[in-house]
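*Asks:* I am sharing coords.txt, which consists of compact mmCIF, C-alpha atoms:
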```txt
# COMPACT_ATOMS: atom_id res chain seq x y z
CA MET A 1 18.21 -43.13 -6.92
CA GLY A 2 14.54 -43.74 -6.14
CA VAL A 3 12.49 -45.54 -3.51
CA THR A 4 10.08 -48.47 -3.96
CA VAL A 5 7.18 -49.33 -1.65
CA ASP A 6 5.37 -52.69 -1.90
CA VAL A 7 1.99 -53.45 -0.33
CA ARG A 8 -0.09 -56.64 -0.25
CA GLN A 9 -3.50 -57.08 1.34
CA VAL A 10 -6.18 -59.77 1.22
CA TYR A 11 -9.73 -58.48 1.55
CA LYS A 12 -12.12 -61.15 2.79
CA TYR A 13 -14.77 -59.99 0.33
CA PRO A 14 -15.58 -61.06 -3.25
CA PHE A 15 -13.76 -59.37 -6.12
CA GLU A 16 -16.86 -57.54 -7.42
CA GLN A 17 -17.55 -55.91 -4.04
CA VAL A 18 -13.91 -54.89 -3.57
CA VAL A 19 -13.67 -53.28 -7.01
CA ALA A 20 -16.98 -51.44 -6.53
CA SER A 21 -15.72 -50.06 -3.20
CA PHE A 22 -12.37 -49.08 -4.72
CA LEU A 23 -14.08 -47.09 -7.47
CA ARG A 24 -16.17 -45.22 -4.84
CA LYS A 25 -13.34 -44.81 -2.31
CA TYR A 26 -12.60 -41.10 -2.87
CA PRO A 27 -13.38 -38.42 -1.92
CA ASN A 28 -13.84 -39.68 1.63
CA PRO A 29 -13.91 -37.92 5.02
CA MET A 30 -11.26 -40.37 6.29
CA ASP A 31 -8.75 -38.89 3.84
CA ARG A 32 -9.24 -35.17 3.33
CA ASN A 33 -6.13 -34.97 1.12
CA VAL A 34 -8.11 -36.29 -1.87
CA ILE A 35 -10.28 -33.37 -2.98
CA SER A 36 -11.91 -34.85 -6.07
CA VAL A 37 -11.79 -37.74 -8.53
CA LYS A 38 -13.24 -37.40 -12.01
CA ILE A 39 -13.64 -40.01 -14.76
CA VAL A 40 -12.26 -38.44 -17.94
CA GLU A 41 -12.52 -41.51 -20.19
CA GLU A 42 -14.35 -44.82 -20.01
CA LYS A 43 -14.80 -47.46 -22.68
CA ARG A 44 -15.52 -51.16 -22.97
CA ASP A 45 -13.76 -53.49 -25.38
CA GLU A 46 -16.68 -55.41 -26.88
CA SER A 47 -14.52 -58.40 -27.88
CA THR A 48 -12.89 -58.94 -24.45
CA GLY A 49 -15.36 -57.24 -22.08
CA VAL A 50 -12.49 -55.29 -20.48
CA ILE A 51 -13.54 -51.89 -19.13
CA TYR A 52 -10.92 -49.15 -19.41
CA ARG A 53 -11.16 -46.07 -17.20
CA LYS A 54 -9.02 -42.98 -16.89
CA ARG A 55 -9.53 -40.82 -13.81
CA ILE A 56 -7.90 -37.61 -12.61
CA ALA A 57 -7.58 -37.00 -8.88
CA ILE A 58 -6.94 -33.61 -7.33
CA CYS A 59 -5.10 -33.90 -4.01
CA ARG A 60 -3.89 -31.40 -1.46
CA ASN A 61 -0.17 -30.67 -1.53
CA VAL A 62 1.15 -32.43 1.57
CA VAL A 63 4.80 -31.46 1.15
CA PRO A 64 5.92 -30.01 4.50
CA GLU A 65 5.86 -26.22 4.66
CA ILE A 66 9.61 -26.03 5.21
CA LEU A 67 10.23 -27.75 1.86
CA ARG A 68 7.73 -25.48 0.10
CA LYS A 69 10.27 -22.68 0.31
CA MET A 70 11.35 -23.98 -3.10
CA SER A 71 9.04 -22.25 -5.56
CA ILE A 72 8.33 -25.42 -7.58
CA LEU A 73 6.87 -27.12 -4.49
CA LYS A 74 4.67 -24.14 -3.61
CA VAL A 75 1.44 -25.31 -5.27
CA PRO A 76 -1.86 -25.84 -3.42
CA ASN A 77 -2.89 -29.06 -5.22
CA ILE A 78 -1.36 -32.03 -7.00
CA GLN A 79 -2.92 -33.92 -9.93
CA LEU A 80 -2.74 -37.69 -10.31
CA GLU A 81 -3.79 -39.72 -13.34
CA GLU A 82 -5.08 -43.25 -12.86
CA GLU A 83 -5.78 -45.77 -15.62
CA SER A 84 -7.52 -49.06 -14.91
CA TRP A 85 -8.39 -52.16 -16.87
CA LEU A 86 -11.23 -54.19 -15.31
CA ASN A 87 -11.67 -57.72 -16.64
CA PRO A 88 -14.90 -59.02 -15.05
CA GLN A 89 -14.59 -62.48 -16.66
CA GLU A 90 -11.09 -63.13 -15.29
CA ARG A 91 -11.92 -61.25 -12.06
CA ASN A 92 -8.94 -58.93 -12.07
CA MET A 93 -8.31 -55.22 -12.37
CA ALA A 94 -4.94 -53.69 -13.18
CA ILE A 95 -4.30 -50.07 -12.22
CA ARG A 96 -1.50 -47.68 -13.17
CA SER A 97 -1.25 -44.22 -11.71
CA HIS A 98 1.26 -41.43 -11.83
CA CYS A 99 1.67 -37.85 -10.71
CA LEU A 100 1.04 -35.14 -13.31
CA THR A 101 2.53 -32.40 -11.12
CA TRP A 102 6.28 -31.76 -10.90
CA THR A 103 7.03 -34.21 -13.73
CA GLN A 104 10.27 -32.40 -14.57
CA TYR A 105 11.56 -32.99 -11.00
CA ALA A 106 9.90 -36.12 -9.69
CA SER A 107 8.38 -39.37 -10.82
CA LEU A 108 5.72 -41.05 -8.71
CA LYS A 109 4.24 -44.19 -10.24
CA GLU A 110 2.06 -46.93 -8.80
CA GLU A 111 1.02 -50.24 -10.29
CA SER A 112 -1.71 -52.20 -8.55
CA VAL A 113 -3.74 -55.35 -9.12
CA PHE A 114 -6.96 -56.60 -7.59
CA GLN A 115 -7.45 -60.30 -8.25
CA GLU A 116 -9.24 -63.33 -6.91
CA SER A 117 -7.27 -64.70 -3.96
CA VAL A 118 -5.55 -68.07 -4.35
CA GLU A 119 -6.37 -68.71 -0.66
CA ASN A 120 -10.13 -68.43 -1.21
CA PRO A 121 -12.03 -67.57 -4.43
CA ASN A 122 -14.44 -65.41 -2.37
CA TRP A 123 -11.58 -63.18 -1.22
CA THR A 124 -9.65 -60.54 -3.16
CA GLU A 125 -5.92 -59.96 -3.16
CA PHE A 126 -4.54 -56.45 -3.61
CA ILE A 127 -0.91 -55.98 -4.65
CA GLN A 128 0.66 -52.55 -5.13
CA ARG A 129 4.12 -51.31 -6.00
CA GLY A 130 4.88 -47.61 -5.80
CA ARG A 131 8.10 -46.01 -7.04
CA ILE A 132 9.28 -42.49 -6.33
CA SER A 133 12.36 -40.78 -7.69
CA VAL A 134 13.33 -37.14 -7.39
CA THR A 135 15.85 -35.33 -9.62
CA GLY A 136 16.88 -31.75 -10.07
CA ALA A 137 16.56 -30.75 -6.41
CA GLY A 138 20.25 -31.17 -5.56
CA PHE A 139 20.91 -32.24 -1.98
CA LEU A 140 17.13 -32.20 -1.32
CA ASN A 141 16.55 -35.20 -3.63
CA CYS A 142 17.19 -37.67 -0.82
CA ILE A 143 15.10 -35.74 1.73
CA LEU A 144 12.18 -35.45 -0.68
CA GLU A 145 12.37 -39.15 -1.59
CA THR A 146 12.39 -40.12 2.10
CA PHE A 147 9.36 -37.92 2.78
CA ALA A 148 7.56 -39.25 -0.31
CA SER A 149 8.35 -42.85 0.63
CA THR A 150 6.93 -42.38 4.14
CA PHE A 151 3.88 -40.61 2.73
CA LEU A 152 3.32 -43.36 0.14
CA ARG A 153 3.61 -46.11 2.75
CA GLN A 154 1.24 -44.31 5.15
CA GLY A 155 -1.14 -43.50 2.29
CA ALA A 156 -1.29 -47.16 1.24
CA GLN A 157 -2.09 -48.22 4.81
CA LYS A 158 -4.75 -45.49 5.10
CA GLY A 159 -6.23 -46.61 1.76
CA ILE A 160 -6.46 -50.19 3.05
CA ARG A 161 -8.22 -48.99 6.25
CA ILE A 162 -10.68 -46.94 4.17
CA MET A 163 -11.38 -49.94 1.92
CA GLU A 164 -11.99 -52.19 4.94
CA MET A 165 -14.38 -49.61 6.42
CA LEU A 166 -16.27 -49.13 3.13
CA LEU A 167 -16.54 -52.88 2.58
CA LYS A 168 -17.85 -53.45 6.10
CA GLU A 169 -20.39 -50.59 5.73
CA GLN A 170 -21.58 -51.68 2.28
CA CYS A 171 -21.29 -55.46 2.51
CA GLY A 172 -21.34 -56.41 6.19
CA ALA A 173 -18.82 -58.54 8.03
CA PRO A 174 -15.94 -60.12 6.08
CA LEU A 175 -16.44 -63.63 4.73
CA ALA A 176 -15.03 -66.45 6.83
CA GLU A 177 -12.81 -69.14 5.40
```
Kindly transcribe the structure held in the file into structure tokens.
*Replies:*
Amino acid sequence: MGVTVDVRQVYKYPFEQVVASFLRKYPNPMDRNVISVKIVEEKRDESTGVIYRKRIAICRNVVPEILRKMSILKVPNIQLEEESWLNPQERNMAIRSHCLTWTQYASLKEESVFQESVENPNWTEFIQRGRISVTGAGFLNCILETFASTFLRQGAQKGIRIMEMLLKEQCGAPLAE
């Protein structure tokens, strides 16, 4: 089956500031579920100027205790892989991330874009689509997908709040129209 979550946000800050804040967002005391984020690969395409990064995030397992009775869910941490392509000339950054844990039972994938806003070139639009599907858990598939969907939606909103806070701390008040 599967569940899809879409998010859109306009940050009233320039693209460069938004991307810099995104790359420094975690770990953060506002979200203790993200334990660490490590860059494992980074390279620049000299012909296009595009910067490619691969990062691995270690996150706390937030699956409710009752569902952790299943041995496969009984792990302390979850690993996520994020790949990003930053194009400074075109002022956009594409991001793909997916879960490296439980791949035989679940698929969690997110695709995101930061780009210059069409409303105002000094603002940045963020668009994200997350997709979760669970297989191999029998009647629990639907319960796990519902939990994951709620967690993904809440996580996206928390991520937006953290970004707004970081941008305000690092750059001051948002830009007016």
*Asks:* Out of A:Leu100, A:Cys142, A:Ile127, A:Met30, which residue has the shortest atom-to-atom distance to A:Ile58 when counting all atoms listed in the file?
*Replies:*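 The shortest atom-to-atom distance to A:Ile58 comes from A:Leu100.
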*Asks:* Taking into account all atoms listed in the file, which residue in the set A:Arg129, A:Arg32, A:Arg53, A:Arg91 is nearest to A:Glu116?
*Replies:*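 Checking each of A:Arg129, A:Arg32, A:Arg53, A:Arg91 against A:Glu116, counting all atoms listed in the file, the winner is A:Arg91.
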*Asks:* Would you compute the distance between atom CA of A:Ile162 and atom CA of A:Lys25? Give it in Å to one decimal.
*Replies:*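 According to the coordinates, atom CA of A:Ile162 and atom CA of A:Lys25 are separated by 7.3 Å.
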*Asks:* If I take atom CA of A:Ala57 and atom CA of A:Met163, how far is one from the other in Å, to one decimal?
*Replies:* 17.3 Å
*Asks:* Between atom CA of A:Gly172 and atom CA of A:Pro27, what is the distance, to one decimal in Å?
*Replies:* 21.3 Å
*Asks:* If the box runs along x, y and z of the file and leaves 6 Å on each side of stretch 79-86 of chain A, what are its centre and edge lengths in Å, one decimal, as JSON?
*Replies:*
```
{"center_x": -7.0, "center_y": -44.1, "center_z": -13.4, "size_x": 20.5, "size_y": 32.3, "size_z": 18.9}
```
*Asks:* Measuring between only C-alpha atoms, which one of A:Leu144, A:Ile78, A:Val18, A:Ala106 shows the shortest distance to A:Asn33?
*Replies:*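 When distances to A:Asn33 are compared using only C-alpha atoms, the smallest one comes from A:Ile78.
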*Asks:* My list of candidates is A:Asn92, A:Gln17, A:Gln9, A:Ser133. Which is closest to A:Leu167 when distances are computed with only C-alpha atoms?
*Replies:*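 Nearest to A:Leu167: A:Gln17.
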*Asks:* From the set A:Thr4, A:Tyr105, A:Ile39, A:Lys168, which residue has the shortest atom-to-atom contact distance to A:Leu140, counting only C-alpha atoms?
*Replies:*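 Smallest separation from A:Leu140 among the options: A:Tyr105.
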*Asks:* For A:Arg60, find every residue with an atom within 12 Å (counting all atoms listed in the file), except residues of its own chain fewer than 2 positions away, and show them as a list of chain:residue names.
*Replies:*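 So, after excluding close chain neighbours, the residues are A:Pro27, A:Asp31, A:Arg32, A:Asn33, A:Val34, A:Ile35, A:Ser36, A:Ala57, A:Ile58, A:Val62, A:Val63, A:Pro64, A:Leu73, A:Lys74, A:Val75, A:Pro76, A:Asn77, A:Ile78, A:Gln79, A:Leu80, A:Thr101.
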*Asks:* I need the residue nearest A:Leu175 from this list: A:Ser84, A:Trp123, A:Arg55, A:Arg24. Use only C-alpha atoms for the distance.
*Replies:*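 Nearest candidate to A:Leu175 out of A:Ser84, A:Trp123, A:Arg55, A:Arg24: A:Trp123.
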*Asks:* If we count all atoms listed in the file and set the cut-off at 7 Å, which residues sit around stretch 145-158 of chain A, ignoring sequence neighbours fewer than 2 positions away in its own chain? Please answer as a list in words.
*Replies:* Gly2, Val3, Val5, Ile132, Ser133, Val134, Asn141, Cys142, Ile143, Ile160, Arg161 and Ile162 of chain A
*Asks:* Go ahead and save the residues from that selection, with C-alpha atoms, as a PDB file, in the coordinates of the input.
*Replies:*
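This is the output file result20.pdb:
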```
ATOM      1  CA  GLY A   2      14.540 -43.740  -6.140  1.00  0.00           C
ATOM      2  CA  VAL A   3      12.490 -45.540  -3.510  1.00  0.00           C
ATOM      3  CA  VAL A   5       7.180 -49.330  -1.650  1.00  0.00           C
ATOM      4  CA  ILE A 132       9.280 -42.490  -6.330  1.00  0.00           C
ATOM      5  CA  SER A 133      12.360 -40.780  -7.690  1.00  0.00           C
ATOM      6  CA  VAL A 134      13.330 -37.140  -7.390  1.00  0.00           C
ATOM      7  CA  ASN A 141      16.550 -35.200  -3.630  1.00  0.00           C
ATOM      8  CA  CYS A 142      17.190 -37.670  -0.820  1.00  0.00           C
ATOM      9  CA  ILE A 143      15.100 -35.740   1.730  1.00  0.00           C
ATOM     10  CA  ILE A 160      -6.460 -50.190   3.050  1.00  0.00           C
ATOM     11  CA  ARG A 161      -8.220 -48.990   6.250  1.00  0.00           C
ATOM     12  CA  ILE A 162     -10.680 -46.940   4.170  1.00  0.00           C
TER      13      ILE A 162
END
```
*Asks:* Neighbouring residues of stretch 94-99 of chain A were defined as those with any atom within 7 Å, considering all atoms listed in the file; residues of the same chain fewer than 2 positions away were excluded. Please report them as a count of residues only.
*Replies:* 18
*Asks:* Could stretch 144-155 of chain A be completed with all heavy atoms and written as a short mmCIF file (atom, residue, chain, number, x, y, z; two decimals), in the coordinates of the input, please?
*Replies:*
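Result file follows (part-v1.cif):
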```cif
data_model
loop_
_atom_site.label_atom_id
_atom_site.label_comp_id
_atom_site.auth_asym_id
_atom_site.auth_seq_id
_atom_site.Cartn_x
_atom_site.Cartn_y
_atom_site.Cartn_z
N LEU A 144 13.49 -35.37 -0.05
CA LEU A 144 12.18 -35.45 -0.68
C LEU A 144 11.76 -36.89 -0.94
O LEU A 144 10.59 -37.25 -0.75
CB LEU A 144 12.15 -34.63 -1.97
CG LEU A 144 12.23 -33.11 -1.79
CD1 LEU A 144 12.48 -32.42 -3.12
CD2 LEU A 144 10.96 -32.59 -1.14
N GLU A 145 12.68 -37.74 -1.37
CA GLU A 145 12.37 -39.15 -1.59
C GLU A 145 11.99 -39.83 -0.28
O GLU A 145 11.06 -40.64 -0.24
CB GLU A 145 13.54 -39.87 -2.25
CG GLU A 145 13.65 -39.59 -3.72
CD GLU A 145 14.84 -40.29 -4.38
OE1 GLU A 145 15.66 -40.91 -3.68
OE2 GLU A 145 14.94 -40.19 -5.62
N THR A 146 12.70 -39.52 0.79
CA THR A 146 12.39 -40.12 2.10
C THR A 146 11.00 -39.70 2.55
O THR A 146 10.20 -40.53 2.99
CB THR A 146 13.45 -39.71 3.15
OG1 THR A 146 14.72 -40.17 2.69
CG2 THR A 146 13.14 -40.30 4.50
N PHE A 147 10.69 -38.40 2.42
CA PHE A 147 9.36 -37.92 2.78
C PHE A 147 8.30 -38.61 1.92
O PHE A 147 7.30 -39.10 2.43
CB PHE A 147 9.24 -36.40 2.62
CG PHE A 147 7.82 -35.93 2.68
CD1 PHE A 147 7.17 -35.86 3.90
CD2 PHE A 147 7.13 -35.60 1.53
CE1 PHE A 147 5.84 -35.47 3.97
CE2 PHE A 147 5.80 -35.21 1.59
CZ PHE A 147 5.15 -35.14 2.82
N ALA A 148 8.53 -38.65 0.61
CA ALA A 148 7.56 -39.25 -0.31
C ALA A 148 7.36 -40.72 -0.02
O ALA A 148 6.24 -41.23 -0.07
CB ALA A 148 8.00 -39.02 -1.75
N SER A 149 8.43 -41.43 0.30
CA SER A 149 8.35 -42.85 0.63
C SER A 149 7.48 -43.06 1.87
O SER A 149 6.61 -43.94 1.89
CB SER A 149 9.75 -43.39 0.84
OG SER A 149 9.72 -44.62 1.48
N THR A 150 7.73 -42.27 2.90
CA THR A 150 6.93 -42.38 4.14
C THR A 150 5.48 -42.06 3.85
O THR A 150 4.57 -42.78 4.29
CB THR A 150 7.49 -41.41 5.20
OG1 THR A 150 8.85 -41.76 5.44
CG2 THR A 150 6.69 -41.48 6.49
N PHE A 151 5.24 -40.99 3.07
CA PHE A 151 3.88 -40.61 2.73
C PHE A 151 3.18 -41.70 1.92
O PHE A 151 2.02 -42.03 2.17
CB PHE A 151 3.87 -39.29 1.96
CG PHE A 151 2.49 -38.83 1.62
CD1 PHE A 151 1.66 -38.29 2.58
CD2 PHE A 151 2.00 -38.98 0.33
CE1 PHE A 151 0.37 -37.89 2.27
CE2 PHE A 151 0.72 -38.58 0.01
CZ PHE A 151 -0.10 -38.03 0.98
N LEU A 152 3.89 -42.30 0.96
CA LEU A 152 3.32 -43.36 0.14
C LEU A 152 2.96 -44.58 0.98
O LEU A 152 1.88 -45.14 0.85
CB LEU A 152 4.30 -43.74 -0.98
CG LEU A 152 3.78 -44.65 -2.07
CD1 LEU A 152 2.63 -44.02 -2.83
CD2 LEU A 152 4.91 -44.98 -3.05
N ARG A 153 3.85 -44.97 1.87
CA ARG A 153 3.61 -46.11 2.75
C ARG A 153 2.40 -45.85 3.66
O ARG A 153 1.51 -46.69 3.79
CB ARG A 153 4.87 -46.37 3.59
CG ARG A 153 5.01 -47.78 4.07
CD ARG A 153 6.38 -48.04 4.73
NE ARG A 153 7.32 -48.60 3.77
CZ ARG A 153 8.37 -47.97 3.26
NH1 ARG A 153 8.65 -46.75 3.62
NH2 ARG A 153 9.16 -48.56 2.39
N GLN A 154 2.36 -44.66 4.27
CA GLN A 154 1.24 -44.31 5.15
C GLN A 154 -0.05 -44.19 4.36
O GLN A 154 -1.11 -44.60 4.82
CB GLN A 154 1.53 -43.00 5.89
CG GLN A 154 2.60 -43.13 6.94
CD GLN A 154 3.01 -41.78 7.53
OE1 GLN A 154 2.68 -40.71 7.02
NE2 GLN A 154 3.76 -41.84 8.61
N GLY A 155 0.04 -43.64 3.15
CA GLY A 155 -1.14 -43.50 2.29
C GLY A 155 -1.70 -44.85 1.89
O GLY A 155 -2.92 -45.04 1.86
#
```
